Structures are given as C-alpha cells and as structure tokens.
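S.K.: Input file: input33.cif. Contents: mmCIF, C-alpha atoms.
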```cif
data_protein
loop_
_atom_site.group_PDB
_atom_site.id
_atom_site.type_symbol
_atom_site.label_atom_id
_atom_site.label_comp_id
_atom_site.auth_asym_id
_atom_site.auth_seq_id
_atom_site.Cartn_x
_atom_site.Cartn_y
_atom_site.Cartn_z
ATOM 1 C CA MET A 1 0.000 0.000 0.000
ATOM 2 C CA ALA A 2 2.789 2.422 0.910
ATOM 3 C CA LEU A 3 4.594 1.577 -2.340
ATOM 4 C CA SER A 4 1.484 2.317 -4.407
ATOM 5 C CA LYS A 5 1.094 5.688 -2.697
ATOM 6 C CA LEU A 6 4.699 6.589 -3.433
ATOM 7 C CA ARG A 7 4.167 5.498 -7.034
ATOM 8 C CA PHE A 8 1.342 8.015 -7.356
ATOM 9 C CA LEU A 9 3.441 10.884 -5.956
ATOM 10 C CA PRO A 10 5.134 11.925 -9.263
ATOM 11 C CA PRO A 11 1.808 12.167 -11.190
ATOM 12 C CA ALA A 12 0.326 14.145 -8.290
ATOM 13 C CA LEU A 13 3.266 16.571 -8.342
ATOM 14 C CA THR A 14 2.856 17.000 -12.098
ATOM 15 C CA LEU A 15 -0.799 17.900 -11.631
ATOM 16 C CA ILE A 16 0.018 20.283 -8.769
ATOM 17 C CA PHE A 17 2.673 22.052 -10.850
ATOM 18 C CA SER A 18 0.253 22.478 -13.754
ATOM 19 C CA ILE A 19 -2.420 23.879 -11.421
ATOM 20 C CA ILE A 20 0.045 26.381 -9.952
ATOM 21 C CA ALA A 21 1.174 27.396 -13.444
ATOM 22 C CA LEU A 22 -2.422 28.005 -14.548
ATOM 23 C CA VAL A 23 -3.274 29.993 -11.408
ATOM 24 C CA PHE A 24 -0.259 32.285 -11.763
ATOM 25 C CA SER A 25 -0.892 32.682 -15.484
ATOM 26 C CA LEU A 26 -4.468 33.804 -14.796
ATOM 27 C CA LEU A 27 -3.263 36.144 -12.061
ATOM 28 C CA ALA A 28 -0.701 37.687 -14.403
ATOM 29 C CA ILE A 29 -3.026 38.257 -17.349
ATOM 30 C CA THR A 30 -5.808 39.761 -15.204
ATOM 31 C CA SER A 31 -3.668 41.855 -12.853
ATOM 32 C CA LYS A 32 -3.169 45.598 -13.257
ATOM 33 C CA LYS A 33 0.236 45.514 -11.539
ATOM 34 C CA TRP A 34 2.512 44.969 -14.503
ATOM 35 C CA ALA A 35 3.999 48.457 -14.271
ATOM 36 C CA VAL A 36 3.768 50.641 -11.169
ATOM 37 C CA ARG A 37 4.533 54.324 -10.690
ATOM 38 C CA ASP A 38 4.459 56.118 -7.351
ATOM 39 C CA ASN A 39 3.433 59.765 -7.321
ATOM 40 C CA TYR A 40 4.245 62.172 -4.488
ATOM 41 C CA ARG A 41 3.101 65.531 -3.185
ATOM 42 C CA PRO A 42 4.375 68.548 -5.138
ATOM 43 C CA GLU A 43 6.001 70.082 -2.073
ATOM 44 C CA ASP A 44 8.058 66.936 -1.417
ATOM 45 C CA THR A 45 11.553 66.450 -2.762
ATOM 46 C CA PRO A 46 12.985 63.031 -3.657
ATOM 47 C CA ARG A 47 14.491 62.921 -0.170
ATOM 48 C CA ASP A 48 10.950 62.968 1.234
ATOM 49 C CA TRP A 49 9.581 60.232 -1.022
ATOM 50 C CA ASN A 50 8.725 57.747 1.702
ATOM 51 C CA GLU A 51 4.980 57.344 1.231
ATOM 52 C CA PRO A 52 3.432 57.827 -2.234
ATOM 53 C CA PHE A 53 0.610 60.334 -2.595
ATOM 54 C CA TYR A 54 -1.080 57.975 -5.051
ATOM 55 C CA THR A 55 0.006 55.098 -7.279
ATOM 56 C CA LEU A 56 -0.677 54.440 -10.948
ATOM 57 C CA TYR A 57 -0.703 51.038 -12.622
ATOM 58 C CA ARG A 58 -0.539 49.819 -16.179
ATOM 59 C CA ALA A 59 -0.947 46.413 -17.787
ATOM 60 C CA PRO A 60 -1.497 45.158 -21.343
ATOM 61 C CA PHE A 61 -5.278 45.466 -20.906
ATOM 62 C CA ILE A 62 -5.568 47.921 -17.990
ATOM 63 C CA ILE A 63 -4.632 51.584 -17.583
ATOM 64 C CA CYS A 64 -5.058 53.463 -14.311
ATOM 65 C CA THR A 65 -5.281 57.256 -14.426
ATOM 66 C CA ALA A 66 -5.612 59.926 -11.734
ATOM 67 C CA TYR A 67 -8.353 62.537 -11.553
ATOM 68 C CA GLN A 68 -8.273 65.399 -9.090
ATOM 69 C CA ASP A 69 -11.437 65.728 -7.020
ATOM 70 C CA VAL A 70 -12.981 69.154 -6.645
ATOM 71 C CA GLN A 71 -13.456 68.689 -2.915
ATOM 72 C CA THR A 72 -10.502 69.205 -0.608
ATOM 73 C CA GLU A 73 -9.734 68.079 2.877
ATOM 74 C CA PRO A 74 -11.012 70.118 5.853
ATOM 75 C CA ASP A 75 -7.549 71.595 6.219
ATOM 76 C CA ASP A 76 -7.215 73.823 3.153
ATOM 77 C CA SER A 77 -3.447 73.668 3.434
ATOM 78 C CA LYS A 78 -3.562 70.028 2.366
ATOM 79 C CA ILE A 79 -4.502 68.794 -1.055
ATOM 80 C CA ALA A 80 -6.787 65.808 -1.329
ATOM 81 C CA ALA A 81 -5.303 62.778 -3.016
ATOM 82 C CA PRO A 82 -6.520 62.279 -6.589
ATOM 83 C CA SER A 83 -8.910 59.473 -7.397
ATOM 84 C CA VAL A 84 -7.270 56.636 -9.320
ATOM 85 C CA ILE A 85 -9.598 55.003 -11.839
ATOM 86 C CA CYS A 86 -8.615 51.886 -13.784
ATOM 87 C CA SER A 87 -10.069 51.148 -17.217
ATOM 88 C CA ASN A 88 -10.108 47.768 -18.952
ATOM 89 C CA PHE A 89 -9.425 47.389 -22.658
ATOM 90 C CA ARG A 90 -9.919 44.700 -25.255
ATOM 91 C CA PRO A 91 -6.996 42.761 -26.750
ATOM 92 C CA PHE A 92 -8.041 43.764 -30.285
ATOM 93 C CA GLY A 93 -10.169 46.264 -32.166
ATOM 94 C CA HIS A 94 -9.600 49.689 -33.689
ATOM 95 C CA ASN A 95 -9.150 52.266 -30.912
ATOM 96 C CA ARG A 96 -10.226 49.697 -28.311
ATOM 97 C CA THR A 97 -6.877 48.484 -26.987
ATOM 98 C CA SER A 98 -4.712 49.942 -24.230
ATOM 99 C CA CYS A 99 -2.240 51.438 -26.712
ATOM 100 C CA GLU A 100 -3.230 53.176 -29.939
ATOM 101 C CA LEU A 101 -1.564 55.447 -32.451
ATOM 102 C CA GLU A 102 -2.660 59.056 -32.557
ATOM 103 C CA VAL A 103 -4.196 58.448 -35.970
ATOM 104 C CA ALA A 104 -6.659 56.130 -34.202
ATOM 105 C CA THR A 105 -7.306 58.178 -31.059
ATOM 106 C CA GLN A 106 -7.322 61.584 -32.808
ATOM 107 C CA ASP A 107 -6.203 62.970 -29.448
ATOM 108 C CA ASP A 108 -2.665 63.179 -28.096
ATOM 109 C CA SER A 109 -3.760 63.648 -24.464
ATOM 110 C CA VAL A 110 -5.581 60.344 -23.876
ATOM 111 C CA PRO A 111 -3.704 57.762 -21.759
ATOM 112 C CA THR A 112 -3.904 55.142 -24.506
ATOM 113 C CA VAL A 113 -1.903 57.071 -27.092
ATOM 114 C CA GLY A 114 1.538 55.728 -27.958
ATOM 115 C CA ASP A 115 3.989 55.327 -30.794
ATOM 116 C CA ARG A 116 4.140 52.289 -33.046
ATOM 117 C CA ARG A 117 7.045 50.704 -31.167
ATOM 118 C CA LEU A 118 5.419 51.003 -27.728
ATOM 119 C CA CYS A 119 2.030 49.746 -28.905
ATOM 120 C CA GLN A 120 3.582 46.779 -30.682
ATOM 121 C CA GLN A 121 5.446 45.721 -27.547
ATOM 122 C CA ILE A 122 2.390 46.129 -25.294
ATOM 123 C CA HIS A 123 0.190 44.189 -27.715
ATOM 124 C CA TYR A 124 2.757 41.399 -27.962
ATOM 125 C CA ALA A 125 2.970 41.217 -24.168
ATOM 126 C CA GLY A 126 -0.798 40.896 -23.848
ATOM 127 C CA ASN A 127 -1.409 38.537 -26.758
ATOM 128 C CA PHE A 128 1.412 36.185 -25.826
ATOM 129 C CA GLY A 129 0.106 36.281 -22.245
ATOM 130 C CA ILE A 130 -3.339 35.173 -23.433
ATOM 131 C CA ALA A 131 -1.799 32.438 -25.586
ATOM 132 C CA SER A 132 0.294 31.233 -22.654
ATOM 133 C CA THR A 133 -2.760 31.025 -20.397
ATOM 134 C CA VAL A 134 -4.735 29.065 -22.998
ATOM 135 C CA PHE A 135 -1.952 26.567 -23.689
ATOM 136 C CA ILE A 136 -1.180 26.081 -20.000
ATOM 137 C CA GLY A 137 -4.904 25.603 -19.332
ATOM 138 C CA VAL A 138 -5.194 22.883 -21.968
ATOM 139 C CA GLY A 139 -2.004 21.293 -20.646
ATOM 140 C CA PHE A 140 -3.538 21.258 -17.174
ATOM 141 C CA LEU A 141 -6.677 19.499 -18.478
ATOM 142 C CA LEU A 142 -4.594 16.871 -20.278
ATOM 143 C CA THR A 143 -2.462 16.388 -17.169
ATOM 144 C CA GLY A 144 -5.615 15.812 -15.141
ATOM 145 C CA ALA A 145 -6.767 13.244 -17.695
ATOM 146 C CA MET A 146 -3.437 11.422 -17.480
ATOM 147 C CA VAL A 147 -3.585 11.374 -13.679
ATOM 148 C CA ILE A 148 -7.131 9.966 -13.747
ATOM 149 C CA MET A 149 -6.114 7.235 -16.204
ATOM 150 C CA THR A 150 -3.115 6.405 -14.037
ATOM 151 C CA LEU A 151 -5.367 6.080 -10.989
ATOM 152 C CA LEU A 152 -7.832 3.852 -12.833
ATOM 153 C CA ARG A 153 -5.062 1.661 -14.188
ATOM 154 C CA ASN A 154 -3.497 1.216 -10.753
ATOM 155 C CA ARG A 155 -6.873 0.476 -9.170
ATOM 156 C CA HIS A 156 -7.700 -2.022 -11.918
ATOM 157 C CA GLY A 157 -4.358 -3.722 -11.368
ATOM 158 C CA GLN A 158 -5.031 -4.034 -7.641
ATOM 159 C CA THR A 159 -8.552 -5.446 -8.062
ATOM 160 C CA THR A 160 -7.385 -8.085 -10.564
ATOM 161 C CA ALA A 161 -4.353 -9.182 -8.553
ATOM 162 C CA PRO A 162 -4.316 -13.011 -8.093
ATOM 163 C CA HIS A 163 -4.952 -14.424 -4.655
ATOM 164 C CA ASP A 164 -5.830 -18.054 -5.337
ATOM 165 C CA ALA A 165 -6.184 -20.628 -8.077
ATOM 166 C CA ASN A 166 -9.117 -18.808 -9.662
ATOM 167 C CA GLY A 167 -7.138 -15.613 -9.559
ATOM 168 C CA ARG A 168 -4.275 -17.247 -11.405
ATOM 169 C CA LYS A 169 -6.661 -18.379 -14.120
ATOM 170 C CA GLU A 170 -7.889 -14.815 -14.507
ATOM 171 C CA GLU A 171 -4.300 -13.632 -14.772
ATOM 172 C CA ARG A 172 -3.646 -16.106 -17.555
ATOM 173 C CA ALA A 173 -6.794 -14.911 -19.287
ATOM 174 C CA GLN A 174 -5.622 -11.349 -19.033
ATOM 175 C CA ASN A 175 -2.315 -12.332 -20.611
ATOM 176 C CA SER A 176 -4.090 -13.659 -23.699
ATOM 177 C CA PRO A 177 -3.292 -12.130 -27.126
ATOM 178 C CA ALA A 178 -6.585 -10.173 -27.158
ATOM 179 C CA SER A 179 -5.874 -8.688 -23.743
ATOM 180 C CA HIS A 180 -2.347 -7.849 -24.837
ATOM 181 C CA GLN A 181 -3.662 -5.988 -27.893
ATOM 182 C CA ARG A 182 -6.076 -3.989 -25.735
ATOM 183 C CA HIS A 183 -3.220 -3.063 -23.441
ATOM 184 C CA ILE A 184 -1.135 -1.889 -26.407
ATOM 185 C CA ARG A 185 -3.996 0.272 -27.707
ATOM 186 C CA LYS A 186 -4.509 1.864 -24.288
ATOM 187 C CA SER A 187 -0.785 2.508 -23.916
ATOM 188 C CA THR A 188 -0.686 4.097 -27.369
ATOM 189 C CA ILE A 189 -3.583 6.423 -26.534
ATOM 190 C CA THR A 190 -2.069 7.500 -23.221
ATOM 191 C CA SER A 191 1.327 8.073 -24.827
ATOM 192 C CA TYR A 192 -0.185 10.439 -27.406
ATOM 193 C CA ILE A 193 -2.122 12.275 -24.698
ATOM 194 C CA HIS A 194 1.171 12.616 -22.853
ATOM 195 C CA LEU A 195 2.817 14.008 -25.975
ATOM 196 C CA SER A 196 -0.039 16.488 -26.410
ATOM 197 C CA LEU A 197 0.194 17.779 -22.843
ATOM 198 C CA LEU A 198 3.943 18.266 -23.252
ATOM 199 C CA VAL A 199 3.388 20.267 -26.430
ATOM 200 C CA PHE A 200 0.778 22.489 -24.780
ATOM 201 C CA LEU A 201 2.774 23.014 -21.589
ATOM 202 C CA PHE A 202 6.001 23.901 -23.345
ATOM 203 C CA ILE A 203 4.275 26.216 -25.833
ATOM 204 C CA GLY A 204 2.615 27.869 -22.836
ATOM 205 C CA PHE A 205 6.031 28.144 -21.199
ATOM 206 C CA ALA A 206 7.544 29.770 -24.302
ATOM 207 C CA CYS A 207 4.632 32.186 -24.782
ATOM 208 C CA GLY A 208 4.776 33.192 -21.115
ATOM 209 C CA LEU A 209 8.481 33.915 -21.349
ATOM 210 C CA ILE A 210 8.011 35.996 -24.511
ATOM 211 C CA SER A 211 5.108 37.870 -22.906
ATOM 212 C CA GLN A 212 7.236 38.768 -19.899
ATOM 213 C CA PHE A 213 10.077 39.910 -22.155
ATOM 214 C CA TYR A 214 7.851 42.268 -24.130
ATOM 215 C CA GLY A 215 6.269 43.490 -20.896
ATOM 216 C CA VAL A 216 9.644 44.515 -19.506
ATOM 217 C CA VAL A 217 10.730 46.136 -22.765
ATOM 218 C CA GLY A 218 7.441 47.949 -23.327
ATOM 219 C CA PHE A 219 6.581 49.158 -19.838
ATOM 220 C CA MET A 220 10.064 49.591 -18.363
ATOM 221 C CA GLN A 221 12.109 50.845 -21.317
ATOM 222 C CA SER A 222 9.867 52.160 -24.092
ATOM 223 C CA SER A 223 7.259 53.982 -22.026
ATOM 224 C CA PRO A 224 7.435 57.698 -22.831
ATOM 225 C CA ASN A 225 6.599 58.536 -19.223
ATOM 226 C CA GLN A 226 9.987 57.235 -18.148
ATOM 227 C CA ALA A 227 11.539 60.497 -19.326
ATOM 228 C CA ASP A 228 9.262 62.367 -16.926
ATOM 229 C CA TYR A 229 11.204 60.888 -14.026
ATOM 230 C CA ALA A 230 14.116 63.190 -14.825
ATOM 231 C CA SER A 231 12.153 66.189 -16.125
ATOM 232 C CA SER A 232 9.132 66.307 -13.819
ATOM 233 C CA THR A 233 9.237 69.023 -11.150
ATOM 234 C CA GLY A 234 5.552 69.245 -10.366
ATOM 235 C CA SER A 235 5.112 72.212 -12.698
ATOM 236 C CA GLY A 236 3.117 70.595 -15.455
ATOM 237 C CA ALA A 237 5.731 68.535 -17.281
ATOM 238 C CA SER A 238 3.043 65.949 -18.053
ATOM 239 C CA ASP A 239 -0.609 65.285 -17.427
ATOM 240 C CA GLU A 240 0.271 63.385 -14.258
ATOM 241 C CA THR A 241 2.291 66.218 -12.780
ATOM 242 C CA ASN A 242 -0.608 68.573 -13.385
ATOM 243 C CA VAL A 243 -2.487 66.379 -10.894
ATOM 244 C CA TYR A 244 -0.163 67.239 -8.016
ATOM 245 C CA GLY A 245 2.529 64.764 -8.696
ATOM 246 C CA ASN A 246 6.230 64.571 -8.536
ATOM 247 C CA HIS A 247 6.733 60.964 -9.454
ATOM 248 C CA GLY A 248 9.333 58.290 -9.826
ATOM 249 C CA SER A 249 9.877 56.038 -12.794
ATOM 250 C CA TRP A 250 7.785 53.064 -13.802
ATOM 251 C CA TYR A 251 9.002 49.845 -12.211
ATOM 252 C CA GLN A 252 7.957 46.210 -12.390
ATOM 253 C CA GLY A 253 4.893 45.259 -10.417
ATOM 254 C CA VAL A 254 4.154 41.919 -8.831
ATOM 255 C CA ALA A 255 2.324 40.650 -11.931
ATOM 256 C CA LEU A 256 5.300 41.162 -14.243
ATOM 257 C CA SER A 257 8.040 40.155 -11.823
ATOM 258 C CA VAL A 258 6.399 37.347 -9.796
ATOM 259 C CA TYR A 259 3.177 36.061 -11.368
ATOM 260 C CA ALA A 260 4.537 35.839 -14.914
ATOM 261 C CA THR A 261 7.771 34.194 -13.761
ATOM 262 C CA CYS A 262 5.976 31.602 -11.625
ATOM 263 C CA ALA A 263 3.569 30.828 -14.485
ATOM 264 C CA TRP A 264 6.188 29.819 -17.055
ATOM 265 C CA ALA A 265 8.507 28.305 -14.433
ATOM 266 C CA PHE A 266 5.857 25.929 -13.057
ATOM 267 C CA ALA A 267 4.694 25.118 -16.600
ATOM 268 C CA ALA A 268 8.240 24.031 -17.419
ATOM 269 C CA ALA A 269 8.423 22.088 -14.145
ATOM 270 C CA ALA A 270 5.143 20.302 -14.910
ATOM 271 C CA GLY A 271 6.325 19.355 -18.394
ATOM 272 C CA THR A 272 9.675 18.138 -17.101
ATOM 273 C CA MET A 273 7.998 16.054 -14.413
ATOM 274 C CA ALA A 274 5.570 14.599 -16.965
ATOM 275 C CA CYS A 275 8.516 13.452 -19.087
ATOM 276 C CA ARG A 276 9.729 11.398 -16.140
ATOM 277 C CA VAL A 277 6.318 9.957 -15.232
ATOM 278 C CA TRP A 278 4.659 8.804 -18.461
ATOM 279 C CA ARG A 279 5.911 7.253 -21.665
ATOM 280 C CA LEU A 280 6.055 8.964 -25.024
ATOM 281 C CA PRO A 281 5.005 7.285 -28.294
ATOM 282 C CA ASN A 282 7.524 4.781 -29.579
ATOM 283 C CA TRP A 283 8.268 5.714 -33.164
ATOM 284 C CA THR A 284 10.432 3.329 -35.147
ATOM 285 C CA VAL A 285 11.825 4.043 -38.583
ATOM 286 C CA SER A 286 12.174 1.050 -40.862
ATOM 287 C CA THR A 287 15.406 0.782 -42.803
#
```
Output the file's structure in the form of structure tokens.
M.R.:
Amino acid sequence: MALSKLRFLPPALTLIFSIIALVFSLLAITSKKWAVRDNYRPEDTPRDWNEPFYTLYRAPFIICTAYQDVQTEPDDSKIAAPSVICSNFRPFGHNRTSCELEVATQDDSVPTVGDRRLCQQIHYAGNFGIASTVFIGVGFLLTGAMVIMTLLRNRHGQTTAPHDANGRKEERAQNSPASHQRHIRKSTITSYIHLSLLVFLFIGFACGLISQFYGVVGFMQSSPNQADYASSTGSGASDETNVYGNHGSWYQGVALSVYATCAWAFAAAAGTMACRVWRLPNWTVST
C-alpha cells in the first residue's frame, strides 16, 4: 500500500505544478500591476519620497489614471489625493486596446496614445500572455486526464491481482493475445495524450516567457513617461504632474516580476515532471 502511494506521488506533483502554473498565469493576465509608478506631493523632494501620494498602474489590458477631485480636505493647506480610476481594454479592435496610435485616437492627451514601437510591444505582451494562459490551461486538463487514467489503471491492477487458483486463471486470461492488444492500444492512446500535454505546456512556457520579455521592454524601457522621471518638477511637465505629482519612474509590479515568472517556471516544471512519469510514443523508422 505504501509503495502504491509513493508510485502516485510523481503524477500528483505534475498535476500540482500544472495547477500552480495556470493559477499564476491567470493572475498575471488579469492583474493591473505589470507596471507601477508612485506619485508624491508637489512640495516633497525626492528625499521625502517615503509614502506615495497615489500610485498608478498599467498592464497590457488595464490603464489606471488619476483625476483630481474638486473637494478638498477640511484643512485647506492640504490637497486631497486624486482618485485613481482603472479602465479595462480589449486585446483587439480599432481604438479599443490599451495602446493606440494618434491616428486612431485623434487625441494626443488620452492615456492610450503611444507610438508604433510602444504599442507593438504592449500588444505582444498581452497577446502572448493570453496564448500562454490558454496553452497552459489545456495542458492542465490533459495532465488531469493522465492522472485519472493512471489512478484507474493502478486500481484495476489491484482489483485483478491473483490471490488463489481462480485468480491465477484470470491472470492467464488477461495475458491472452486479445488482452495484450487492448493493453497496447490503451498505452498508445495515453502516450499520445502525454505528448499532447507536453506540447501544450512547453508552448505555454515559451509564450509566457516571450510575454514577460515584451512586458519589460514595453513598460520599463519604451514607455514615454519614463523620461518624466528626470524632467518632472511638479510644474506641469506631463498630465500626471498637473495632478499634483512629482513621481518616480515606472518599475515592475508583482504581476510582471512574480506572477509571470511563476507561471512559465511551473509550466516548465510540470512538463519536465511529466517526461519522467509517463511514456512517449515509440516511433520506429524502418530501414
């Protein structure tokens, strides 16, 4: 009994890894915290930047912007923190994505406007993220199917184990040519399912890695707001600074640095574990 439980441990770990990969992939693609920028009070200098006045976020399908409320705090000497509102965008469609050229927006002040390079990188980050989630999800379903078939096969082997003379007759019947052919067909089916789950998991791994790469390049390096970090003095250098904000640069949020990394890492771990647990199809080339 203990040996059978240990035998089931590798398939269980494979399923757990695929579940973790899918969860982190969903968290990454739905989170707003790909890029984060802290904004501070206009009277503060960088030496006083301990607590942000408000924080903005950006993701492939989410943009958070700040709007100054008309009302102020009871103490007129203090300025009320702006309201941060996050908007969701579609992954496709003319003037419906989170990054559009000015020819599409017809307005250079909207938060979605960007140049062709920036929009291409943001769209790649989002689309590869969606593809990664889909492939990892299918890989998880196929992994679950393989685990279920492994359980059924082990349970069937235990229930048909010989215990007496009648049991030995049943064992001989199971070793007949017809039974052997059925076993070969089942093994062939499971081996191709195993191959399919490996393909889906490793494509999901590759797409997740590419998505993270374009996310770093687009949000950390190509974002035009990065230049505001050096030029902003709270005097209207950008739309954000007009809303009471000295601000720092954009930096990686938890979705881009943690969720995305865990998604493709656990997908690779699940695929690697599956290679050690189940057999692949045996292809022979005749000479």
S.K.: Name the closest residue to Ile130 (chain A) among the candidates A:Trp283, A:Phe202, A:Tyr67, A:Phe61; distances are taken between atoms, counting only C-alpha atoms.
M.R.: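 Nearest to Ile130 (chain A): A:Phe61.
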S.K.: Which centre and edge lengths in Å to one decimal define the box along x, y and z that fits every listed atom of region 268-271 of chain A plus 6 Å per side, as JSON?
M.R.:
```
{"center_x": 6.8, "center_y": 21.7, "center_z": -16.3, "size_x": 15.3, "size_y": 16.7, "size_z": 16.2}
```
S.K.: Apply the PyMOL selection byres ((chain A and resi 118) around 12) to the structure shown and report the selected residues as a VMD selection string.
M.R.: chain A and resid 60 98 to 101 112 to 117 119 to 125 214 to 225
S.K.: Taking (-3.5, 36.4, -17.6) in the file's coordinates, which residues come within 12 Å, counting only C-alpha atoms, written as a ChimeraX atom specification?
M.R.: /A:21-34,59-62,91,125-137,204,207-208,211-212,255-256,259-260,263-264
S.K.: Enter the distance from CA of Pro11 (chain A) to CA of Val147 (chain A), in Å, rounded to one decimal.
M.R.: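 If I compute the distance from CA of Pro11 (chain A) to CA of Val147 (chain A), I get 6.0 Å.
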S.K.: Would you list the contacts of Asn282 (chain A) as a list in words, taking every protein, DNA or RNA residue within 10 Å and counting only C-alpha atoms, but skipping same-chain residues closer than 4 positions in sequence?
M.R.: Thr188, Ser191 and Tyr192 of chain A
S.K.: Could you please determine the separation between CA of Gly248 (chain A) and CA of Val103 (chain A) in Å, to one decimal place?
M.R.: 29.4 Å
S.K.: Take the PyMOL selection byres ((chain A and resi 17) around 7), run it mentally on this structure, and tell me the resulting residues as a count of residues only.
M.R.: 12
S.K.: Taking the file above as input, evaluate the PyMOL selection byres ((chain A and resi 64) around 7) and report the hits as a ChimeraX atom specification.
M.R.: /A:56-58,62-63,65-66,84-87
S.K.: Which distance in Å separates CA of His194 (chain A) and CA of Gly271 (chain A), to one decimal?
M.R.: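 That distance, rounded to one decimal, is 9.6 Å.
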S.K.: Go through A:Phe200, A:Trp278, A:Tyr54, A:Phe89 one by one, measure the shortest atom-to-atom distance of each to Leu141 (chain A) using all atoms listed in the file, and give the residue with the smallest value.
M.R.: A:Phe200
S.K.: Looking at A:Asn246, A:Val254, A:Asp38, A:Thr261, which one is nearest to Phe205 (chain A), with distances taken over all atoms listed in the file?
M.R.: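 Of A:Asn246, A:Val254, A:Asp38, A:Thr261, the one nearest Phe205 (chain A), counting all atoms listed in the file, is A:Thr261.
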S.K.: Restricting the calculation to only C-alpha atoms, which member of A:Arg279, A:His94, A:Arg153, A:Arg37 is positioned closest to Gln252 (chain A)?
M.R.: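 Looking at the shortest contact to Gln252 (chain A), the residue is A:Arg37.
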S.K.: Which of these, A:Arg276, A:His247, A:Arg96, A:Arg90, has the shortest distance to Trp49 (chain A) once you count all atoms listed in the file?
M.R.: A:His247
S.K.: Which of these residues is nearest to Pro46 (chain A), using only C-alpha atoms: A:Thr272, A:Gln106, A:Thr143, A:Ser249?
M.R.: A:Ser249
